[in-house]
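A quick write-up on the structure given underneath.
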Amino acid sequence: MYVSNADSGEVSVLQMNAQGLLQQQSALPVGGNLMPMAIGPSRKMLYAARRSDPMAVVSLAIDPVTRDLHPMGEVSLPASMAYISTDLTGRFLFAASYPSQQLTVSPIALDGTVGAVQQVVPTGPNAHAIMPSPCNRYVLATSLGGGEVMVFGFNAETGHLSPVSAWQARAGAGPRHFRFDPTGRWVYLLNELDGTLDVLSWNPTEGRLACLQTVDILPPGFDAKPWAADLHLTPDGRHLYTSERTSSTLAHFAVNLVSGLLSANGHTRVEAQPRGFAIDPTGRYLLVVGQMSHHLSCFELDPDTGQLRLQQRMAVGQGPNWVEILA
């Protein structure tokens with residue numbers, strides 16, 4: 001497990017044993033306001049974006065035996081990036097800039113290191129997330145301030161993005177993070193500003209989205225300003241969780257595997273200001289970090305009911321905000 005710590009500028013490396021217990025293995029200083037991360041498809045590289053000067057993406061090799069991290073270099077980025085991901089072949093890195101309303105594409109060399117930005121795509125206000133579609137023929141990205149999910153055609157040979165369509169959200173919703181379901185039929189979109197979750201159908205032939213359902217992620221009695229952060233599905237697609245920072249809760253939804261629609265299944269109190277969390281590839285554990293608590297909580301996840309049981313809590317770095325897990 002890798003945790004980026006924004007305030008202490010380091011990546012914490014954690015190891016889980018067969019009983020699901022964590023221990024900190026190492027911590028790699030990278031420096032600066034360290035936030036979004038992504039593991040490459042080869043599982044040999046971890047990429048981390050620094051959101052303070054000098055803004056850059058850092059390429060970190062994953063040791064094949066110990067899983068510790070070794071810096072391989074860094075390359076400048078033109079803006080502060082809120083999200084990074086790679087295409088499914090691991091040849092290109094995508095980034096989305098919240099303050100500079102732009103997306104970037106960078107080549108990845110054969111040794112896994114990221115090269116200089118080769119394309120910059122202007123967006124509406126507050127670009128927030130960017131990911132490839134399951135077929136790797138499209139790239140989707142959100143504009144929180146512009147209230148839309150943009151769909152781009154993706155040339156996997158050249159890395160070039162070209163506009164295809166855009167799905168418009170409700171006024172004031174604030175599209176933030178999204179996830180495809182494991183079958184690639186639906187996209188689940190978390191809206192930061194109104195605390196809602198949209199279920200969108202995905203048409204890979206035309207590269208278009210359509211809304212099927214909207215649900216509330218806020219806990220009972222919530223009367224403050226919503227501040228939704230992240231969402232993840234279990235590997236089998238049966239359970240979906242969202243994090244909300246104002247209430248410091250995770251909302252749980254059961255997923256209908258035929259229709260893709262959601263049913264609310266309660267809330268779990270977690271670490272203070274849960275900006276990021278992740279579910280392990282076995283679907284048995286959920287790890288959530290608190291940006292204000294500077295701790296990580298590990299929950300055991302019941303695969304049948306989706307209910308969470310706190311198993312362990314431990315300190316990490318300062319301002320933890322992103323979790324990546326390598327099986």
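Chain lettering (A, B, ...) mirrors the order of the structure tokens, residue numbering begins at 1 for each chain separately, and ligand numbering begins at 1 in order of display.
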Would you kindly return, as an NGL selection string, each protein, DNA or RNA residue with an atom no farther than 10 Å from any atom of region 167-176 of chain A, considering only C-alpha atoms and excluding same-chain residues fewer than 5 positions away?
:A and (126-130 or 141-151 or 189-198 or 200 or 208-211 or 227-231)
Where does DSSP see strand (DSSP E) in region 58-263 of chain A, if you list the residues as a JSON list (two decimals) with N, CA and C atoms, in the first residue's frame?
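Heads up, here's the output in part-v3.json:
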[["chain", "number", "residue", "atom", "x", "y", "z"],
["A", 58, "VAL", "N", 6.70, 12.60, -10.64],
["A", 58, "VAL", "CA", 7.87, 11.84, -10.22],
["A", 58, "VAL", "C", 7.66, 10.38, -10.58],
["A", 59, "SER", "N", 8.64, 9.78, -11.24],
["A", 59, "SER", "CA", 8.58, 8.36, -11.62],
["A", 59, "SER", "C", 9.33, 7.55, -10.58],
["A", 60, "LEU", "N", 8.63, 6.60, -9.94],
["A", 60, "LEU", "CA", 9.20, 5.80, -8.86],
["A", 60, "LEU", "C", 9.13, 4.32, -9.24],
["A", 61, "ALA", "N", 10.29, 3.67, -9.30],
["A", 61, "ALA", "CA", 10.32, 2.25, -9.60],
["A", 61, "ALA", "C", 9.94, 1.44, -8.36],
["A", 62, "ILE", "N", 9.12, 0.41, -8.56],
["A", 62, "ILE", "CA", 8.69, -0.47, -7.48],
["A", 62, "ILE", "C", 9.61, -1.68, -7.44],
["A", 69, "LEU", "N", 10.18, 1.84, -2.96],
["A", 69, "LEU", "CA", 10.21, 2.75, -4.10],
["A", 69, "LEU", "C", 11.60, 3.32, -4.32],
["A", 70, "HIS", "N", 11.97, 3.46, -5.60],
["A", 70, "HIS", "CA", 13.26, 4.02, -5.96],
["A", 70, "HIS", "C", 13.06, 5.11, -7.01],
["A", 71, "PRO", "N", 13.44, 6.36, -6.72],
["A", 71, "PRO", "CA", 13.24, 7.45, -7.68],
["A", 71, "PRO", "C", 14.00, 7.19, -8.99],
["A", 72, "MET", "N", 13.29, 7.39, -10.10],
["A", 72, "MET", "CA", 13.87, 7.23, -11.43],
["A", 72, "MET", "C", 13.98, 8.56, -12.16],
["A", 73, "GLY", "N", 13.47, 9.63, -11.54],
["A", 73, "GLY", "CA", 13.51, 10.94, -12.18],
["A", 73, "GLY", "C", 12.18, 11.64, -12.08],
["A", 74, "GLU", "N", 12.18, 12.90, -12.45],
["A", 74, "GLU", "CA", 10.94, 13.67, -12.50],
["A", 74, "GLU", "C", 10.99, 14.62, -13.68],
["A", 75, "VAL", "N", 9.80, 15.01, -14.14],
["A", 75, "VAL", "CA", 9.70, 15.91, -15.29],
["A", 75, "VAL", "C", 8.66, 16.97, -14.98],
["A", 76, "SER", "N", 8.90, 18.17, -15.45],
["A", 76, "SER", "CA", 8.02, 19.30, -15.13],
["A", 76, "SER", "C", 6.63, 19.12, -15.70],
["A", 83, "TYR", "N", -5.20, 15.18, -10.54],
["A", 83, "TYR", "CA", -5.42, 13.76, -10.84],
["A", 83, "TYR", "C", -4.45, 13.33, -11.92],
["A", 84, "ILE", "N", -3.95, 12.09, -11.80],
["A", 84, "ILE", "CA", -3.14, 11.50, -12.86],
["A", 84, "ILE", "C", -3.58, 10.05, -13.06],
["A", 85, "SER", "N", -3.38, 9.55, -14.27],
["A", 85, "SER", "CA", -3.64, 8.15, -14.59],
["A", 85, "SER", "C", -2.85, 7.80, -15.84],
["A", 86, "THR", "N", -2.78, 6.51, -16.16],
["A", 86, "THR", "CA", -2.13, 6.10, -17.40],
["A", 86, "THR", "C", -3.15, 5.44, -18.31],
["A", 92, "PHE", "N", 1.29, 6.15, -21.95],
["A", 92, "PHE", "CA", 1.01, 7.58, -21.81],
["A", 92, "PHE", "C", 0.44, 7.88, -20.43],
["A", 93, "LEU", "N", 0.80, 9.06, -19.91],
["A", 93, "LEU", "CA", 0.28, 9.52, -18.62],
["A", 93, "LEU", "C", -0.63, 10.72, -18.87],
["A", 94, "PHE", "N", -1.81, 10.68, -18.25],
["A", 94, "PHE", "CA", -2.78, 11.78, -18.34],
["A", 94, "PHE", "C", -2.78, 12.55, -17.03],
["A", 95, "ALA", "N", -3.06, 13.85, -17.10],
["A", 95, "ALA", "CA", -3.16, 14.66, -15.89],
["A", 95, "ALA", "C", -4.24, 15.72, -16.08],
["A", 96, "ALA", "N", -4.91, 16.08, -14.97],
["A", 96, "ALA", "CA", -5.97, 17.08, -14.98],
["A", 96, "ALA", "C", -5.64, 18.17, -13.97],
["A", 97, "SER", "N", -5.70, 19.42, -14.42],
["A", 97, "SER", "CA", -5.35, 20.55, -13.55],
["A", 97, "SER", "C", -6.60, 21.30, -13.12],
["A", 102, "GLN", "N", -6.99, 22.58, -17.49],
["A", 102, "GLN", "CA", -6.36, 21.94, -18.64],
["A", 102, "GLN", "C", -6.09, 20.47, -18.35],
["A", 103, "LEU", "N", -5.97, 19.70, -19.43],
["A", 103, "LEU", "CA", -5.54, 18.31, -19.38],
["A", 103, "LEU", "C", -4.22, 18.20, -20.12],
["A", 104, "THR", "N", -3.38, 17.26, -19.70],
["A", 104, "THR", "CA", -2.13, 17.05, -20.40],
["A", 104, "THR", "C", -1.93, 15.57, -20.69],
["A", 105, "VAL", "N", -1.16, 15.31, -21.75],
["A", 105, "VAL", "CA", -0.74, 13.96, -22.11],
["A", 105, "VAL", "C", 0.78, 13.95, -22.19],
["A", 106, "SER", "N", 1.40, 12.95, -21.53],
["A", 106, "SER", "CA", 2.86, 12.82, -21.54],
["A", 106, "SER", "C", 3.23, 11.40, -21.95],
["A", 107, "PRO", "N", 4.28, 11.23, -22.75],
["A", 107, "PRO", "CA", 4.72, 9.88, -23.11],
["A", 107, "PRO", "C", 5.43, 9.21, -21.94],
["A", 119, "GLN", "N", 0.95, 17.13, -25.19],
["A", 119, "GLN", "CA", -0.32, 17.76, -25.58],
["A", 119, "GLN", "C", -0.96, 18.41, -24.37],
["A", 120, "VAL", "N", -1.48, 19.62, -24.58],
["A", 120, "VAL", "CA", -2.25, 20.33, -23.56],
["A", 120, "VAL", "C", -3.63, 20.60, -24.13],
["A", 121, "VAL", "N", -4.67, 20.21, -23.40],
["A", 121, "VAL", "CA", -6.05, 20.39, -23.86],
["A", 121, "VAL", "C", -6.77, 21.34, -22.90],
["A", 122, "PRO", "N", -7.19, 22.52, -23.35],
["A", 122, "PRO", "CA", -7.96, 23.43, -22.48],
["A", 122, "PRO", "C", -9.32, 22.83, -22.14],
["A", 127, "ALA", "N", -10.82, 21.39, -14.01],
["A", 127, "ALA", "CA", -10.68, 19.99, -14.43],
["A", 127, "ALA", "C", -10.25, 19.18, -13.20],
["A", 128, "HIS", "N", -10.85, 18.01, -13.01],
["A", 128, "HIS", "CA", -10.60, 17.33, -11.74],
["A", 128, "HIS", "C", -10.15, 15.89, -11.83],
["A", 129, "ALA", "N", -10.62, 15.13, -12.80],
["A", 129, "ALA", "CA", -10.23, 13.73, -12.90],
["A", 129, "ALA", "C", -10.11, 13.36, -14.37],
["A", 130, "ILE", "N", -9.25, 12.38, -14.65],
["A", 130, "ILE", "CA", -9.06, 11.92, -16.04],
["A", 130, "ILE", "C", -8.67, 10.45, -16.01],
["A", 131, "MET", "N", -9.37, 9.64, -16.82],
["A", 131, "MET", "CA", -9.12, 8.20, -16.88],
["A", 131, "MET", "C", -9.48, 7.67, -18.26],
["A", 132, "PRO", "N", -8.83, 6.59, -18.70],
["A", 132, "PRO", "CA", -9.21, 5.96, -19.96],
["A", 132, "PRO", "C", -10.44, 5.08, -19.79],
["A", 138, "TYR", "N", -11.05, 5.68, -25.59],
["A", 138, "TYR", "CA", -11.53, 6.99, -25.15],
["A", 138, "TYR", "C", -10.83, 7.38, -23.85],
["A", 139, "VAL", "N", -10.84, 8.67, -23.56],
["A", 139, "VAL", "CA", -10.42, 9.19, -22.28],
["A", 139, "VAL", "C", -11.52, 10.11, -21.78],
["A", 140, "LEU", "N", -11.94, 9.93, -20.53],
["A", 140, "LEU", "CA", -12.98, 10.75, -19.92],
["A", 140, "LEU", "C", -12.34, 11.67, -18.89],
["A", 141, "ALA", "N", -12.88, 12.89, -18.76],
["A", 141, "ALA", "CA", -12.36, 13.85, -17.79],
["A", 141, "ALA", "C", -13.50, 14.72, -17.30],
["A", 142, "THR", "N", -13.39, 15.18, -16.05],
["A", 142, "THR", "CA", -14.43, 16.02, -15.47],
["A", 142, "THR", "C", -13.99, 17.48, -15.41],
["A", 143, "SER", "N", -14.96, 18.37, -15.55],
["A", 143, "SER", "CA", -14.78, 19.80, -15.28],
["A", 143, "SER", "C", -15.76, 20.15, -14.17],
["A", 148, "GLU", "N", -19.39, 19.32, -16.31],
["A", 148, "GLU", "CA", -19.51, 18.36, -17.40],
["A", 148, "GLU", "C", -18.49, 17.24, -17.30],
["A", 149, "VAL", "N", -18.82, 16.14, -17.97],
["A", 149, "VAL", "CA", -17.88, 15.05, -18.19],
["A", 149, "VAL", "C", -17.55, 15.06, -19.67],
["A", 150, "MET", "N", -16.28, 15.27, -19.98],
["A", 150, "MET", "CA", -15.83, 15.35, -21.37],
["A", 150, "MET", "C", -15.34, 13.98, -21.83],
["A", 151, "VAL", "N", -15.67, 13.64, -23.06],
["A", 151, "VAL", "CA", -15.22, 12.38, -23.66],
["A", 151, "VAL", "C", -14.33, 12.72, -24.85],
["A", 152, "PHE", "N", -13.13, 12.14, -24.84],
["A", 152, "PHE", "CA", -12.17, 12.36, -25.93],
["A", 152, "PHE", "C", -11.85, 11.04, -26.61],
["A", 153, "GLY", "N", -11.68, 11.08, -27.92],
["A", 153, "GLY", "CA", -11.11, 9.94, -28.61],
["A", 153, "GLY", "C", -9.63, 9.87, -28.28],
["A", 154, "PHE", "N", -9.12, 8.66, -28.10],
["A", 154, "PHE", "CA", -7.72, 8.48, -27.73],
["A", 154, "PHE", "C", -7.02, 7.61, -28.75],
["A", 161, "LEU", "N", -5.37, 13.22, -27.95],
["A", 161, "LEU", "CA", -6.78, 13.31, -27.55],
["A", 161, "LEU", "C", -7.53, 14.22, -28.51],
["A", 162, "SER", "N", -8.76, 13.83, -28.87],
["A", 162, "SER", "CA", -9.62, 14.65, -29.73],
["A", 162, "SER", "C", -11.04, 14.61, -29.19],
["A", 163, "PRO", "N", -11.74, 15.75, -29.10],
["A", 163, "PRO", "CA", -13.08, 15.80, -28.50],
["A", 163, "PRO", "C", -14.09, 14.92, -29.24],
["A", 164, "VAL", "N", -14.95, 14.25, -28.47],
["A", 164, "VAL", "CA", -16.00, 13.41, -29.04],
["A", 164, "VAL", "C", -17.37, 13.88, -28.57],
["A", 165, "SER", "N", -17.55, 14.03, -27.25],
["A", 165, "SER", "CA", -18.85, 14.42, -26.70],
["A", 165, "SER", "C", -18.64, 15.00, -25.31],
["A", 166, "ALA", "N", -19.74, 15.50, -24.73],
["A", 166, "ALA", "CA", -19.70, 15.99, -23.35],
["A", 166, "ALA", "C", -21.07, 15.78, -22.73],
["A", 167, "TRP", "N", -21.08, 15.27, -21.50],
["A", 167, "TRP", "CA", -22.33, 15.09, -20.76],
["A", 167, "TRP", "C", -22.44, 16.20, -19.73],
["A", 168, "GLN", "N", -23.58, 16.89, -19.73],
["A", 168, "GLN", "CA", -23.77, 18.04, -18.86],
["A", 168, "GLN", "C", -24.46, 17.63, -17.57],
["A", 175, "PRO", "N", -19.15, 17.89, -10.88],
["A", 175, "PRO", "CA", -18.55, 16.57, -11.16],
["A", 175, "PRO", "C", -17.09, 16.50, -10.74],
["A", 176, "ARG", "N", -16.74, 15.48, -9.99],
["A", 176, "ARG", "CA", -15.38, 15.38, -9.44],
["A", 176, "ARG", "C", -14.69, 14.10, -9.90],
["A", 177, "HIS", "N", -14.86, 12.99, -9.16],
["A", 177, "HIS", "CA", -14.24, 11.72, -9.51],
["A", 177, "HIS", "C", -15.27, 10.78, -10.13],
["A", 178, "PHE", "N", -14.79, 9.79, -10.88],
["A", 178, "PHE", "CA", -15.70, 8.82, -11.50],
["A", 178, "PHE", "C", -15.00, 7.47, -11.60],
["A", 179, "ARG", "N", -15.80, 6.43, -11.76],
["A", 179, "ARG", "CA", -15.28, 5.07, -11.93],
["A", 179, "ARG", "C", -16.16, 4.31, -12.92],
["A", 180, "PHE", "N", -15.53, 3.50, -13.77],
["A", 180, "PHE", "CA", -16.26, 2.53, -14.58],
["A", 180, "PHE", "C", -16.55, 1.30, -13.73],
["A", 186, "TRP", "N", -21.26, 0.92, -17.15],
["A", 186, "TRP", "CA", -21.73, 2.11, -16.45],
["A", 186, "TRP", "C", -20.56, 2.93, -15.92],
["A", 187, "VAL", "N", -20.82, 4.22, -15.75],
["A", 187, "VAL", "CA", -19.87, 5.13, -15.11],
["A", 187, "VAL", "C", -20.56, 5.71, -13.89],
["A", 188, "TYR", "N", -19.88, 5.64, -12.74],
["A", 188, "TYR", "CA", -20.40, 6.22, -11.50],
["A", 188, "TYR", "C", -19.66, 7.52, -11.25],
["A", 189, "LEU", "N", -20.42, 8.61, -11.18],
["A", 189, "LEU", "CA", -19.85, 9.96, -11.10],
["A", 189, "LEU", "C", -20.20, 10.60, -9.77],
["A", 190, "LEU", "N", -19.18, 10.98, -9.01],
["A", 190, "LEU", "CA", -19.37, 11.64, -7.73],
["A", 190, "LEU", "C", -19.33, 13.15, -7.91],
["A", 191, "ASN", "N", -20.34, 13.83, -7.36],
["A", 191, "ASN", "CA", -20.43, 15.29, -7.47],
["A", 191, "ASN", "C", -20.05, 15.92, -6.14],
["A", 196, "THR", "N", -23.92, 14.32, -4.35],
["A", 196, "THR", "CA", -24.72, 13.31, -5.04],
["A", 196, "THR", "C", -23.83, 12.40, -5.86],
["A", 197, "LEU", "N", -24.44, 11.31, -6.32],
["A", 197, "LEU", "CA", -23.76, 10.31, -7.12],
["A", 197, "LEU", "C", -24.66, 9.98, -8.31],
["A", 198, "ASP", "N", -24.12, 10.12, -9.52],
["A", 198, "ASP", "CA", -24.88, 9.83, -10.74],
["A", 198, "ASP", "C", -24.46, 8.47, -11.30],
["A", 199, "VAL", "N", -25.45, 7.69, -11.73],
["A", 199, "VAL", "CA", -25.20, 6.46, -12.47],
["A", 199, "VAL", "C", -25.41, 6.78, -13.94],
["A", 200, "LEU", "N", -24.37, 6.64, -14.74],
["A", 200, "LEU", "CA", -24.41, 6.98, -16.15],
["A", 200, "LEU", "C", -24.22, 5.73, -16.99],
["A", 201, "SER", "N", -25.04, 5.58, -18.01],
["A", 201, "SER", "CA", -24.80, 4.49, -18.97],
["A", 201, "SER", "C", -23.70, 4.93, -19.92],
["A", 202, "TRP", "N", -22.90, 3.96, -20.37],
["A", 202, "TRP", "CA", -21.77, 4.25, -21.24],
["A", 202, "TRP", "C", -21.95, 3.54, -22.57],
["A", 203, "ASN", "N", -21.92, 4.32, -23.66],
["A", 203, "ASN", "CA", -22.03, 3.78, -25.01],
["A", 203, "ASN", "C", -20.64, 3.83, -25.66],
["A", 208, "ARG", "N", -20.55, 8.07, -25.68],
["A", 208, "ARG", "CA", -21.52, 8.97, -25.06],
["A", 208, "ARG", "C", -22.03, 8.43, -23.73],
["A", 209, "LEU", "N", -22.44, 9.36, -22.87],
["A", 209, "LEU", "CA", -22.97, 9.05, -21.55],
["A", 209, "LEU", "C", -24.43, 9.50, -21.45],
["A", 210, "ALA", "N", -25.22, 8.81, -20.63],
["A", 210, "ALA", "CA", -26.59, 9.20, -20.34],
["A", 210, "ALA", "C", -26.90, 8.86, -18.90],
["A", 211, "CYS", "N", -27.66, 9.72, -18.22],
["A", 211, "CYS", "CA", -27.93, 9.53, -16.79],
["A", 211, "CYS", "C", -29.09, 8.56, -16.57],
["A", 212, "LEU", "N", -28.86, 7.58, -15.67],
["A", 212, "LEU", "CA", -29.88, 6.61, -15.31],
["A", 212, "LEU", "C", -30.46, 6.85, -13.93],
["A", 213, "GLN", "N", -29.65, 7.39, -13.01],
["A", 213, "GLN", "CA", -30.07, 7.52, -11.61],
["A", 213, "GLN", "C", -29.19, 8.55, -10.91],
["A", 214, "THR", "N", -29.77, 9.24, -9.93],
["A", 214, "THR", "CA", -29.01, 10.13, -9.05],
["A", 214, "THR", "C", -29.39, 9.81, -7.61],
["A", 215, "VAL", "N", -28.37, 9.60, -6.75],
["A", 215, "VAL", "CA", -28.62, 9.28, -5.35],
["A", 215, "VAL", "C", -27.82, 10.25, -4.47],
["A", 216, "ASP", "N", -28.27, 10.38, -3.23],
["A", 216, "ASP", "CA", -27.66, 11.26, -2.23],
["A", 216, "ASP", "C", -26.62, 10.45, -1.44],
["A", 228, "ALA", "N", -17.87, 16.27, -1.16],
["A", 228, "ALA", "CA", -17.60, 14.90, -1.57],
["A", 228, "ALA", "C", -16.20, 14.79, -2.16],
["A", 229, "ALA", "N", -15.58, 13.61, -1.99],
["A", 229, "ALA", "CA", -14.17, 13.49, -2.39],
["A", 229, "ALA", "C", -13.89, 12.35, -3.36],
["A", 230, "ASP", "N", -14.17, 11.11, -2.97],
["A", 230, "ASP", "CA", -13.68, 9.98, -3.75],
["A", 230, "ASP", "C", -14.71, 8.87, -3.78],
["A", 231, "LEU", "N", -14.56, 7.93, -4.72],
["A", 231, "LEU", "CA", -15.45, 6.77, -4.79],
["A", 231, "LEU", "C", -14.69, 5.58, -5.36],
["A", 232, "HIS", "N", -15.11, 4.38, -4.91],
["A", 232, "HIS", "CA", -14.50, 3.14, -5.38],
["A", 232, "HIS", "C", -15.52, 2.02, -5.33],
["A", 233, "LEU", "N", -15.37, 1.07, -6.25],
["A", 233, "LEU", "CA", -16.18, -0.14, -6.30],
["A", 233, "LEU", "C", -15.35, -1.33, -5.86],
["A", 239, "HIS", "N", -20.47, -3.67, -4.63],
["A", 239, "HIS", "CA", -20.56, -2.63, -3.60],
["A", 239, "HIS", "C", -19.80, -1.39, -4.05],
["A", 240, "LEU", "N", -20.38, -0.23, -3.75],
["A", 240, "LEU", "CA", -19.75, 1.05, -4.10],
["A", 240, "LEU", "C", -19.72, 1.92, -2.84],
["A", 241, "TYR", "N", -18.62, 2.64, -2.67],
["A", 241, "TYR", "CA", -18.44, 3.51, -1.51],
["A", 241, "TYR", "C", -18.02, 4.90, -1.98],
["A", 242, "THR", "N", -18.47, 5.91, -1.24],
["A", 242, "THR", "CA", -18.08, 7.29, -1.52],
["A", 242, "THR", "C", -17.61, 7.92, -0.23],
["A", 243, "SER", "N", -16.70, 8.89, -0.33],
["A", 243, "SER", "CA", -16.25, 9.60, 0.86],
["A", 243, "SER", "C", -16.73, 11.05, 0.82],
["A", 244, "GLU", "N", -17.08, 11.56, 2.02],
["A", 244, "GLU", "CA", -17.55, 12.94, 2.16],
["A", 244, "GLU", "C", -16.75, 13.58, 3.29],
["A", 249, "THR", "N", -17.41, 10.75, 6.57],
["A", 249, "THR", "CA", -18.11, 9.46, 6.46],
["A", 249, "THR", "C", -17.87, 8.84, 5.09],
["A", 250, "LEU", "N", -18.06, 7.52, 5.06],
["A", 250, "LEU", "CA", -18.18, 6.78, 3.82],
["A", 250, "LEU", "C", -19.63, 6.35, 3.68],
["A", 251, "ALA", "N", -20.21, 6.57, 2.50],
["A", 251, "ALA", "CA", -21.54, 6.04, 2.20],
["A", 251, "ALA", "C", -21.37, 4.73, 1.43],
["A", 252, "HIS", "N", -22.23, 3.77, 1.72],
["A", 252, "HIS", "CA", -22.17, 2.46, 1.08],
["A", 252, "HIS", "C", -23.42, 2.23, 0.25],
["A", 253, "PHE", "N", -23.24, 1.75, -0.97],
["A", 253, "PHE", "CA", -24.36, 1.44, -1.86],
["A", 253, "PHE", "C", -24.21, 0.03, -2.40],
["A", 254, "ALA", "N", -25.32, -0.71, -2.43],
["A", 254, "ALA", "CA", -25.36, -2.00, -3.10],
["A", 254, "ALA", "C", -25.64, -1.76, -4.58],
["A", 255, "VAL", "N", -24.94, -2.48, -5.45],
["A", 255, "VAL", "CA", -25.07, -2.29, -6.89],
["A", 255, "VAL", "C", -25.87, -3.44, -7.49],
["A", 262, "LEU", "N", -28.28, 1.77, -7.99],
["A", 262, "LEU", "CA", -27.76, 1.72, -6.63],
["A", 262, "LEU", "C", -28.86, 1.72, -5.58],
["A", 263, "SER", "N", -28.59, 1.05, -4.46],
["A", 263, "SER", "CA", -29.46, 1.09, -3.30],
["A", 263, "SER", "C", -28.62, 1.50, -2.10]]
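Look at Gly31 (chain A): the protein and nucleic acid residues within 8 Å of it, using only C-alpha atoms and passing over chain neighbours fewer than 3 places away, are Ser8, Gly9, Glu10, Leu34 and Arg50 of chain A.
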Write the selection just made, keeping N, CA and C atoms, as a short mmCIF file (atom, residue, chain, number, x, y, z; two decimals), in the first residue's frame?
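Saved to result.cif:
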data_model
loop_
_atom_site.label_atom_id
_atom_site.label_comp_id
_atom_site.auth_asym_id
_atom_site.auth_seq_id
_atom_site.Cartn_x
_atom_site.Cartn_y
_atom_site.Cartn_z
N SER A 8 3.79 16.48 4.49
CA SER A 8 5.16 16.05 4.78
C SER A 8 5.94 15.67 3.53
N GLY A 9 5.28 15.68 2.36
CA GLY A 9 5.98 15.48 1.10
C GLY A 9 6.65 14.13 0.95
N GLU A 10 5.98 13.08 1.39
CA GLU A 10 6.59 11.75 1.34
C GLU A 10 5.54 10.72 0.94
N LEU A 34 2.63 16.76 -2.16
CA LEU A 34 2.48 15.51 -2.91
C LEU A 34 1.05 15.01 -2.81
N ARG A 50 3.51 16.30 -7.88
CA ARG A 50 3.76 17.35 -6.90
C ARG A 50 2.97 18.59 -7.31
#
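Closest to Pro303 (chain A) among A:Thr234, A:Thr113, A:Gln318, A:Ser52 is A:Thr234, based on only C-alpha atoms.
Among the candidate residues A:Leu301, A:Leu88, A:Leu77, A:Val117, the one lying nearest to Pro134 (chain A) is A:Leu88, with distances computed using only C-alpha atoms.
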